[in-house]
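Trainee: Input file: my_file-v3.txt. Contents: compact mmCIF, N, CA and C atoms.
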```txt
# COMPACT_ATOMS: atom_id res chain seq x y z
N GLN A 1 2.88 -20.33 13.38
CA GLN A 1 3.03 -18.91 13.62
C GLN A 1 3.38 -18.19 12.33
N VAL A 2 3.11 -16.91 12.34
CA VAL A 2 3.42 -16.09 11.18
C VAL A 2 4.73 -15.37 11.42
N GLN A 3 5.55 -15.25 10.38
CA GLN A 3 6.80 -14.48 10.47
C GLN A 3 6.54 -13.07 9.96
N LEU A 4 7.15 -12.11 10.65
CA LEU A 4 6.93 -10.70 10.35
C LEU A 4 8.27 -10.00 10.11
N VAL A 5 8.32 -9.11 9.13
CA VAL A 5 9.52 -8.33 8.85
C VAL A 5 9.13 -6.87 8.68
N GLU A 6 9.68 -6.00 9.53
CA GLU A 6 9.41 -4.57 9.43
C GLU A 6 10.46 -3.91 8.54
N SER A 7 10.05 -2.82 7.93
CA SER A 7 10.97 -1.98 7.15
C SER A 7 10.42 -0.58 7.09
N GLY A 8 11.26 0.36 6.65
CA GLY A 8 10.80 1.72 6.45
C GLY A 8 11.27 2.72 7.48
N GLY A 9 11.96 2.27 8.51
CA GLY A 9 12.45 3.20 9.50
C GLY A 9 13.59 4.04 8.96
N GLY A 10 14.00 5.02 9.76
CA GLY A 10 15.11 5.87 9.35
C GLY A 10 15.17 7.13 10.17
N LEU A 11 15.98 8.07 9.69
CA LEU A 11 16.15 9.37 10.34
C LEU A 11 15.31 10.39 9.60
N VAL A 12 14.52 11.14 10.33
CA VAL A 12 13.65 12.14 9.72
C VAL A 12 13.62 13.37 10.62
N GLN A 13 13.46 14.53 10.02
CA GLN A 13 13.38 15.76 10.79
C GLN A 13 11.99 15.91 11.43
N PRO A 14 11.91 16.65 12.51
CA PRO A 14 10.58 16.91 13.11
C PRO A 14 9.63 17.50 12.07
N GLY A 15 8.41 17.01 12.11
CA GLY A 15 7.41 17.41 11.13
C GLY A 15 7.38 16.55 9.89
N GLY A 16 8.35 15.68 9.74
CA GLY A 16 8.43 14.83 8.56
C GLY A 16 7.55 13.60 8.67
N SER A 17 7.64 12.74 7.66
CA SER A 17 6.80 11.54 7.58
C SER A 17 7.65 10.32 7.24
N LEU A 18 7.15 9.19 7.69
CA LEU A 18 7.70 7.89 7.32
C LEU A 18 6.55 6.91 7.19
N ARG A 19 6.75 5.89 6.35
CA ARG A 19 5.78 4.81 6.28
C ARG A 19 6.49 3.51 6.61
N LEU A 20 6.05 2.88 7.68
CA LEU A 20 6.59 1.59 8.06
C LEU A 20 5.77 0.48 7.42
N SER A 21 6.44 -0.60 7.06
CA SER A 21 5.78 -1.76 6.49
C SER A 21 6.03 -2.97 7.36
N CYS A 22 5.04 -3.82 7.45
CA CYS A 22 5.15 -5.08 8.19
C CYS A 22 4.71 -6.18 7.23
N ALA A 23 5.70 -6.88 6.68
CA ALA A 23 5.41 -7.94 5.71
C ALA A 23 5.28 -9.27 6.44
N ALA A 24 4.19 -9.96 6.17
CA ALA A 24 3.92 -11.23 6.84
C ALA A 24 4.18 -12.40 5.91
N SER A 25 4.46 -13.54 6.50
CA SER A 25 4.79 -14.73 5.71
C SER A 25 3.55 -15.39 5.13
N LYS A 26 2.39 -14.97 5.59
CA LYS A 26 1.16 -15.54 5.06
C LYS A 26 0.03 -14.55 5.27
N ARG A 27 -1.12 -14.91 4.75
CA ARG A 27 -2.28 -14.05 4.86
C ARG A 27 -2.59 -13.78 6.33
N THR A 28 -2.70 -12.51 6.64
CA THR A 28 -2.80 -12.17 8.07
C THR A 28 -4.10 -11.50 8.47
N LEU A 29 -4.56 -10.53 7.68
CA LEU A 29 -5.64 -9.69 8.19
C LEU A 29 -6.93 -10.46 8.43
N ASP A 30 -7.13 -11.54 7.71
CA ASP A 30 -8.35 -12.31 7.92
C ASP A 30 -8.29 -13.14 9.19
N TYR A 31 -7.10 -13.43 9.68
CA TYR A 31 -6.97 -14.39 10.78
C TYR A 31 -6.20 -13.86 11.98
N TYR A 32 -5.58 -12.68 11.85
CA TYR A 32 -4.74 -12.16 12.91
C TYR A 32 -5.12 -10.73 13.26
N THR A 33 -4.87 -10.40 14.50
CA THR A 33 -4.86 -9.00 14.92
C THR A 33 -3.42 -8.53 14.83
N ILE A 34 -3.18 -7.40 14.18
CA ILE A 34 -1.84 -6.87 13.99
C ILE A 34 -1.69 -5.58 14.78
N GLY A 35 -0.63 -5.53 15.57
CA GLY A 35 -0.36 -4.33 16.36
C GLY A 35 1.00 -3.75 16.01
N TRP A 36 1.09 -2.44 16.10
CA TRP A 36 2.38 -1.75 16.04
C TRP A 36 2.71 -1.28 17.45
N PHE A 37 3.91 -1.62 17.88
CA PHE A 37 4.42 -1.21 19.19
C PHE A 37 5.68 -0.40 18.98
N ARG A 38 6.07 0.34 20.00
CA ARG A 38 7.36 1.02 19.96
C ARG A 38 8.00 0.98 21.34
N GLN A 39 9.31 1.03 21.33
CA GLN A 39 10.05 1.02 22.59
C GLN A 39 11.22 1.97 22.49
N ALA A 40 11.18 2.99 23.34
CA ALA A 40 12.27 3.96 23.42
C ALA A 40 13.23 3.50 24.51
N PRO A 41 14.48 3.96 24.46
CA PRO A 41 15.45 3.55 25.48
C PRO A 41 14.96 3.87 26.88
N GLY A 42 15.03 2.87 27.76
CA GLY A 42 14.64 3.06 29.14
C GLY A 42 13.15 3.07 29.40
N LYS A 43 12.36 2.82 28.36
CA LYS A 43 10.91 2.83 28.51
C LYS A 43 10.32 1.47 28.17
N GLU A 44 9.11 1.25 28.62
CA GLU A 44 8.41 0.01 28.31
C GLU A 44 7.89 0.05 26.87
N ARG A 45 7.71 -1.14 26.34
CA ARG A 45 7.14 -1.24 25.00
C ARG A 45 5.67 -0.86 25.07
N GLU A 46 5.24 0.03 24.18
CA GLU A 46 3.87 0.51 24.21
C GLU A 46 3.19 0.27 22.87
N ARG A 47 1.90 -0.01 22.94
CA ARG A 47 1.12 -0.20 21.72
C ARG A 47 0.74 1.17 21.17
N VAL A 48 1.03 1.40 19.90
CA VAL A 48 0.67 2.68 19.30
C VAL A 48 -0.49 2.53 18.33
N SER A 49 -0.66 1.37 17.74
CA SER A 49 -1.75 1.20 16.79
C SER A 49 -2.08 -0.27 16.63
N CYS A 50 -3.28 -0.53 16.13
CA CYS A 50 -3.73 -1.91 16.00
C CYS A 50 -4.80 -1.97 14.92
N ILE A 51 -4.86 -3.11 14.22
CA ILE A 51 -5.90 -3.31 13.22
C ILE A 51 -6.40 -4.74 13.34
N SER A 52 -7.70 -4.89 13.26
CA SER A 52 -8.29 -6.22 13.37
C SER A 52 -9.59 -6.24 12.59
N ARG A 53 -9.76 -7.25 11.78
CA ARG A 53 -11.02 -7.37 11.06
C ARG A 53 -12.07 -8.09 11.89
N ARG A 54 -11.65 -8.73 12.96
CA ARG A 54 -12.60 -9.46 13.77
C ARG A 54 -13.60 -8.53 14.44
N ASP A 55 -13.12 -7.37 14.87
CA ASP A 55 -14.06 -6.40 15.41
C ASP A 55 -14.13 -5.15 14.56
N SER A 56 -13.57 -5.24 13.34
CA SER A 56 -13.63 -4.14 12.37
C SER A 56 -13.17 -2.83 12.98
N ARG A 57 -12.08 -2.92 13.74
CA ARG A 57 -11.62 -1.71 14.44
C ARG A 57 -10.16 -1.43 14.18
N THR A 58 -9.82 -0.18 14.31
CA THR A 58 -8.44 0.24 14.42
C THR A 58 -8.29 0.97 15.74
N TYR A 59 -7.07 0.97 16.24
CA TYR A 59 -6.78 1.61 17.53
C TYR A 59 -5.55 2.49 17.38
N TYR A 60 -5.58 3.63 18.08
CA TYR A 60 -4.42 4.52 18.13
C TYR A 60 -4.21 5.00 19.56
N ALA A 61 -2.97 5.02 19.98
CA ALA A 61 -2.66 5.62 21.26
C ALA A 61 -2.93 7.13 21.18
N ASP A 62 -3.26 7.72 22.30
CA ASP A 62 -3.56 9.14 22.32
C ASP A 62 -2.41 9.97 21.76
N SER A 63 -1.20 9.51 22.01
CA SER A 63 -0.01 10.28 21.61
C SER A 63 0.18 10.33 20.09
N VAL A 64 -0.49 9.44 19.35
CA VAL A 64 -0.27 9.40 17.90
C VAL A 64 -1.56 9.60 17.11
N ARG A 65 -2.70 9.62 17.80
CA ARG A 65 -3.99 9.75 17.09
C ARG A 65 -4.03 11.05 16.30
N GLY A 66 -4.45 10.94 15.06
CA GLY A 66 -4.50 12.12 14.18
C GLY A 66 -3.22 12.32 13.38
N ARG A 67 -2.16 11.63 13.77
CA ARG A 67 -0.88 11.74 13.03
C ARG A 67 -0.49 10.43 12.36
N PHE A 68 -0.85 9.31 12.95
CA PHE A 68 -0.51 7.99 12.42
C PHE A 68 -1.76 7.35 11.82
N ALA A 69 -1.55 6.49 10.82
CA ALA A 69 -2.66 5.74 10.22
C ALA A 69 -2.20 4.33 9.90
N ILE A 70 -2.99 3.35 10.30
CA ILE A 70 -2.68 1.95 10.06
C ILE A 70 -3.59 1.42 8.96
N THR A 71 -3.00 0.74 8.01
CA THR A 71 -3.77 0.14 6.92
C THR A 71 -3.20 -1.24 6.61
N GLY A 72 -4.00 -2.03 5.92
CA GLY A 72 -3.56 -3.37 5.55
C GLY A 72 -3.83 -3.67 4.10
N ASP A 73 -2.96 -4.44 3.50
CA ASP A 73 -3.12 -4.88 2.12
C ASP A 73 -3.06 -6.41 2.14
N ASN A 74 -4.21 -7.02 2.02
CA ASN A 74 -4.27 -8.48 2.13
C ASN A 74 -3.59 -9.18 0.96
N TYR A 75 -3.57 -8.54 -0.21
CA TYR A 75 -2.94 -9.16 -1.38
C TYR A 75 -1.43 -9.22 -1.22
N LYS A 76 -0.89 -8.23 -0.53
CA LYS A 76 0.55 -8.19 -0.30
C LYS A 76 0.94 -8.74 1.07
N ASN A 77 -0.05 -9.16 1.85
CA ASN A 77 0.22 -9.66 3.22
C ASN A 77 1.03 -8.64 4.01
N THR A 78 0.68 -7.39 3.88
CA THR A 78 1.46 -6.32 4.49
C THR A 78 0.55 -5.34 5.23
N VAL A 79 1.01 -4.92 6.40
CA VAL A 79 0.33 -3.88 7.17
C VAL A 79 1.27 -2.67 7.23
N TYR A 80 0.70 -1.50 7.03
CA TYR A 80 1.49 -0.27 6.99
C TYR A 80 1.14 0.62 8.18
N LEU A 81 2.12 1.40 8.58
CA LEU A 81 1.90 2.46 9.56
C LEU A 81 2.43 3.75 8.96
N GLN A 82 1.51 4.60 8.52
CA GLN A 82 1.88 5.91 7.99
C GLN A 82 2.03 6.87 9.15
N MET A 83 3.19 7.47 9.27
CA MET A 83 3.48 8.35 10.40
C MET A 83 3.75 9.75 9.86
N ASN A 84 2.91 10.69 10.21
CA ASN A 84 3.05 12.08 9.78
C ASN A 84 3.29 12.99 10.97
N SER A 85 3.74 14.20 10.69
CA SER A 85 4.00 15.20 11.74
C SER A 85 4.81 14.60 12.87
N LEU A 86 5.88 13.95 12.52
CA LEU A 86 6.68 13.24 13.51
C LEU A 86 7.34 14.21 14.49
N LYS A 87 7.46 13.75 15.72
CA LYS A 87 8.04 14.53 16.80
C LYS A 87 9.25 13.80 17.37
N PRO A 88 10.15 14.50 18.01
CA PRO A 88 11.30 13.82 18.63
C PRO A 88 10.88 12.71 19.59
N GLU A 89 9.76 12.90 20.26
CA GLU A 89 9.31 11.86 21.21
C GLU A 89 8.78 10.62 20.53
N ASP A 90 8.67 10.62 19.22
CA ASP A 90 8.31 9.41 18.48
C ASP A 90 9.53 8.52 18.23
N THR A 91 10.70 9.00 18.58
CA THR A 91 11.92 8.22 18.39
C THR A 91 11.87 6.94 19.21
N ALA A 92 12.04 5.81 18.53
CA ALA A 92 11.95 4.50 19.19
C ALA A 92 12.25 3.41 18.16
N VAL A 93 12.37 2.19 18.66
CA VAL A 93 12.34 1.03 17.77
C VAL A 93 10.88 0.61 17.64
N TYR A 94 10.44 0.48 16.41
CA TYR A 94 9.04 0.13 16.13
C TYR A 94 8.97 -1.34 15.73
N TYR A 95 8.01 -2.04 16.34
CA TYR A 95 7.81 -3.46 16.09
C TYR A 95 6.37 -3.69 15.62
N CYS A 96 6.21 -4.63 14.72
CA CYS A 96 4.86 -5.12 14.47
C CYS A 96 4.73 -6.49 15.10
N ALA A 97 3.50 -6.82 15.47
CA ALA A 97 3.23 -8.06 16.17
C ALA A 97 1.90 -8.62 15.72
N ALA A 98 1.77 -9.92 15.80
CA ALA A 98 0.53 -10.58 15.36
C ALA A 98 -0.01 -11.48 16.46
N ARG A 99 -1.32 -11.48 16.54
CA ARG A 99 -2.00 -12.38 17.46
C ARG A 99 -3.04 -13.14 16.65
N SER A 100 -3.03 -14.43 16.77
CA SER A 100 -4.02 -15.23 16.07
C SER A 100 -5.41 -14.92 16.63
N LEU A 101 -6.29 -14.59 15.72
CA LEU A 101 -7.66 -14.21 16.10
C LEU A 101 -7.59 -13.00 17.03
N GLY A 102 -8.33 -12.98 18.10
CA GLY A 102 -8.31 -11.84 19.00
C GLY A 102 -8.91 -10.60 18.35
N SER A 103 -8.67 -9.46 18.97
CA SER A 103 -9.17 -8.19 18.47
C SER A 103 -8.35 -7.07 19.09
N CYS A 104 -8.50 -5.87 18.56
CA CYS A 104 -7.78 -4.73 19.12
C CYS A 104 -8.31 -4.38 20.51
N THR A 105 -9.51 -4.80 20.80
CA THR A 105 -10.08 -4.54 22.12
C THR A 105 -9.46 -5.44 23.18
N THR A 106 -9.18 -6.69 22.82
CA THR A 106 -8.66 -7.65 23.80
C THR A 106 -7.14 -7.79 23.78
N ALA A 107 -6.52 -7.53 22.66
CA ALA A 107 -5.06 -7.66 22.54
C ALA A 107 -4.44 -6.28 22.73
N THR A 108 -4.08 -5.98 23.96
CA THR A 108 -3.66 -4.62 24.28
C THR A 108 -2.22 -4.53 24.77
N THR A 109 -1.63 -5.63 25.23
CA THR A 109 -0.28 -5.60 25.78
C THR A 109 0.65 -6.48 24.95
N PRO A 110 1.96 -6.28 25.08
CA PRO A 110 2.89 -7.14 24.33
C PRO A 110 2.67 -8.63 24.59
N ASP A 111 2.30 -8.99 25.80
CA ASP A 111 2.10 -10.40 26.12
C ASP A 111 0.93 -11.02 25.37
N ASP A 112 0.06 -10.19 24.83
CA ASP A 112 -1.11 -10.69 24.09
C ASP A 112 -0.76 -11.10 22.67
N PHE A 113 0.46 -10.79 22.23
CA PHE A 113 0.86 -11.06 20.84
C PHE A 113 1.93 -12.13 20.82
N GLY A 114 1.78 -13.11 19.92
CA GLY A 114 2.68 -14.25 19.91
C GLY A 114 3.78 -14.19 18.88
N SER A 115 3.63 -13.37 17.85
CA SER A 115 4.64 -13.27 16.79
C SER A 115 5.12 -11.84 16.68
N TRP A 116 6.43 -11.68 16.54
CA TRP A 116 7.04 -10.35 16.50
C TRP A 116 8.05 -10.26 15.37
N GLY A 117 8.16 -9.07 14.82
CA GLY A 117 9.23 -8.78 13.89
C GLY A 117 10.48 -8.37 14.65
N GLN A 118 11.53 -8.06 13.88
CA GLN A 118 12.82 -7.73 14.49
C GLN A 118 12.92 -6.27 14.90
N GLY A 119 12.01 -5.45 14.42
CA GLY A 119 12.00 -4.03 14.76
C GLY A 119 12.72 -3.18 13.72
N THR A 120 12.31 -1.92 13.64
CA THR A 120 12.96 -0.96 12.76
C THR A 120 13.10 0.36 13.52
N GLN A 121 14.27 0.96 13.44
CA GLN A 121 14.56 2.17 14.21
C GLN A 121 13.98 3.40 13.51
N VAL A 122 13.28 4.21 14.29
CA VAL A 122 12.79 5.51 13.82
C VAL A 122 13.43 6.58 14.70
N THR A 123 14.13 7.51 14.08
CA THR A 123 14.77 8.60 14.81
C THR A 123 14.28 9.92 14.24
N VAL A 124 13.70 10.73 15.11
CA VAL A 124 13.20 12.05 14.71
C VAL A 124 14.09 13.10 15.35
N SER A 125 14.86 13.77 14.54
CA SER A 125 15.83 14.72 15.06
C SER A 125 16.21 15.71 13.97
N SER A 126 16.51 16.92 14.41
CA SER A 126 17.00 17.92 13.45
C SER A 126 18.52 17.92 13.40
```
Just give me the structure as structure tokens.
Mentor:
Amino acid sequence: QVQLVESGGGLVQPGGSLRLSCAASKRTLDYYTIGWFRQAPGKERERVSCISRRDSRTYYADSVRGRFAITGDNYKNTVYLQMNSLKPEDTAVYYCAARSLGSCTTATTPDDFGSWGQGTQVTVSS
């Protein structure tokens, strides 16, 4: 399995930006589907974005499309989530997750991912 470590969370005002990083213990983008999930208090964990080279696709939840962007750097074994125009409802713990092979089309729920990071808190508040 691959080990994942998230970073980049913090407190930001509405309309601000953050970039989350997901550092992997080994080369990931060629062999794994990487998803970003978030979980707010009292809510289920939801997939917000995904990247996979197997189907050459990226995925965004409707709530973040146009504001968030997922990218990968294979040399650094890192996947990023650029978050712009942040809203209070984006407040959550953000997790990255990896699934061996698969694709963003088939790996849609938390149960589809076998490796998880520890999470990073994002708080959007004035």
Trainee: With distances taken over all atoms listed in the file, which residue among A:Leu11, A:Val79, A:Val48, A:Val93 lies nearest A:Val64?
Mentor: A:Val48
Trainee: How many Å separate atom CA of A:Leu101 from atom CA of A:Leu18?
Mentor: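 Computing the Euclidean distance for atom CA of A:Leu101 and atom CA of A:Leu18 yields 28.3 Å.
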Trainee: Choose the residue, out of A:Ala98, A:Pro110, A:Ser103, A:Ser125, that has the smallest atom-to-atom separation from A:Glu46; count all atoms listed in the file.
Mentor: A:Pro110
Trainee: Neighbouring residues of A:Gln82 were defined as those with any atom within 6.5 Å, considering all atoms listed in the file; residues of the same chain fewer than 3 positions away were excluded. Please report them as a list in words.
Mentor: Leu18, Arg19, Leu20, Arg67, Phe68, Ala69, Ile70 and Thr71 of chain A
Trainee: Mind dumping the selected residues with N, CA and C atoms as an mmCIF file, in the coordinates of the input?
Mentor:
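Below is the file part-v6.cif, written as the result:
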```cif
data_model
loop_
_atom_site.group_PDB
_atom_site.id
_atom_site.type_symbol
_atom_site.label_atom_id
_atom_site.label_comp_id
_atom_site.auth_asym_id
_atom_site.auth_seq_id
_atom_site.Cartn_x
_atom_site.Cartn_y
_atom_site.Cartn_z
ATOM 1 N N LEU A 18 7.150 9.190 7.690
ATOM 2 C CA LEU A 18 7.700 7.890 7.320
ATOM 3 C C LEU A 18 6.550 6.910 7.190
ATOM 4 N N ARG A 19 6.750 5.890 6.350
ATOM 5 C CA ARG A 19 5.780 4.810 6.280
ATOM 6 C C ARG A 19 6.490 3.510 6.610
ATOM 7 N N LEU A 20 6.050 2.880 7.680
ATOM 8 C CA LEU A 20 6.590 1.590 8.060
ATOM 9 C C LEU A 20 5.770 0.480 7.420
ATOM 10 N N ARG A 67 -2.160 11.630 13.770
ATOM 11 C CA ARG A 67 -0.880 11.740 13.030
ATOM 12 C C ARG A 67 -0.490 10.430 12.360
ATOM 13 N N PHE A 68 -0.850 9.310 12.950
ATOM 14 C CA PHE A 68 -0.510 7.990 12.420
ATOM 15 C C PHE A 68 -1.760 7.350 11.820
ATOM 16 N N ALA A 69 -1.550 6.490 10.820
ATOM 17 C CA ALA A 69 -2.660 5.740 10.220
ATOM 18 C C ALA A 69 -2.200 4.330 9.900
ATOM 19 N N ILE A 70 -2.990 3.350 10.300
ATOM 20 C CA ILE A 70 -2.680 1.950 10.060
ATOM 21 C C ILE A 70 -3.590 1.420 8.960
ATOM 22 N N THR A 71 -3.000 0.740 8.010
ATOM 23 C CA THR A 71 -3.770 0.140 6.920
ATOM 24 C C THR A 71 -3.200 -1.240 6.610
#
```
Trainee: Between A:Leu86, A:Leu81, A:Tyr31, A:Tyr75, which has the minimum distance to A:Ser63 (counting only C-alpha atoms)?
Mentor: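 That would be A:Leu86, the residue with the smallest distance to A:Ser63.
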Trainee: Excluding same-chain residues fewer than 2 positions from A:Ala97, what lies within 5 Å of it counting only N, CA and C atoms, as a PDB file with N, CA and C atoms, keeping the file's coordinate frame?
Mentor:
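The resulting file, result28.pdb, is reproduced below:
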```pdb
ATOM      1  N   ILE A  34      -3.180  -7.400  14.180  1.00  0.00           N
ATOM      2  CA  ILE A  34      -1.840  -6.870  13.990  1.00  0.00           C
ATOM      3  C   ILE A  34      -1.690  -5.580  14.780  1.00  0.00           C
ATOM      4  N   GLY A  35      -0.630  -5.530  15.570  1.00  0.00           N
ATOM      5  CA  GLY A  35      -0.360  -4.330  16.360  1.00  0.00           C
ATOM      6  C   GLY A  35       1.000  -3.750  16.010  1.00  0.00           C
ATOM      7  N   TYR A  95       8.010  -2.040  16.340  1.00  0.00           N
ATOM      8  CA  TYR A  95       7.810  -3.460  16.090  1.00  0.00           C
ATOM      9  C   TYR A  95       6.370  -3.690  15.620  1.00  0.00           C
ATOM     10  N   ARG A  99      -1.320 -11.480  16.540  1.00  0.00           N
ATOM     11  CA  ARG A  99      -2.000 -12.380  17.460  1.00  0.00           C
ATOM     12  C   ARG A  99      -3.040 -13.140  16.650  1.00  0.00           C
ATOM     13  N   SER A 115       3.630 -13.370  17.850  1.00  0.00           N
ATOM     14  CA  SER A 115       4.640 -13.270  16.790  1.00  0.00           C
ATOM     15  C   SER A 115       5.120 -11.840  16.680  1.00  0.00           C
ATOM     16  N   TRP A 116       6.430 -11.680  16.540  1.00  0.00           N
ATOM     17  CA  TRP A 116       7.040 -10.350  16.500  1.00  0.00           C
ATOM     18  C   TRP A 116       8.050 -10.260  15.370  1.00  0.00           C
TER      19      TRP A 116
END
```
Trainee: Box time for stretch 74-88 of chain A: axis-aligned, enclosing all its listed atoms, 6 Å extra on each side; report centre and edge lengths in Å to one decimal, as AutoDock Vina command-line options.
Mentor:
```
--center_x 3.5 --center_y 2.8 --center_z 9.1 --size_x 27.6 --size_y 36.9 --size_z 33.0
```
Trainee: Please indicate the distance in Å from atom N of A:Asp111 to atom N of A:Val12, rounded to one decimal place.
Mentor: 28.2 Å
Trainee: Please identify which residues in stretch 4-124 of chain A DSSP calls strand (DSSP E or B) from the backbone, and express them as a PyMOL selection string.
Mentor: chain A and resi 4-7+10-12+18-24+32-39+46-52+57-60+65+68-73+78-83+92-100+115-116+120-124
Trainee: Please report the interatomic distance between atom N of A:Gly8 and atom C of A:Val122 in Å with one decimal.
Mentor: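 According to the coordinates, atom N of A:Gly8 and atom C of A:Val122 are separated by 10.4 Å.
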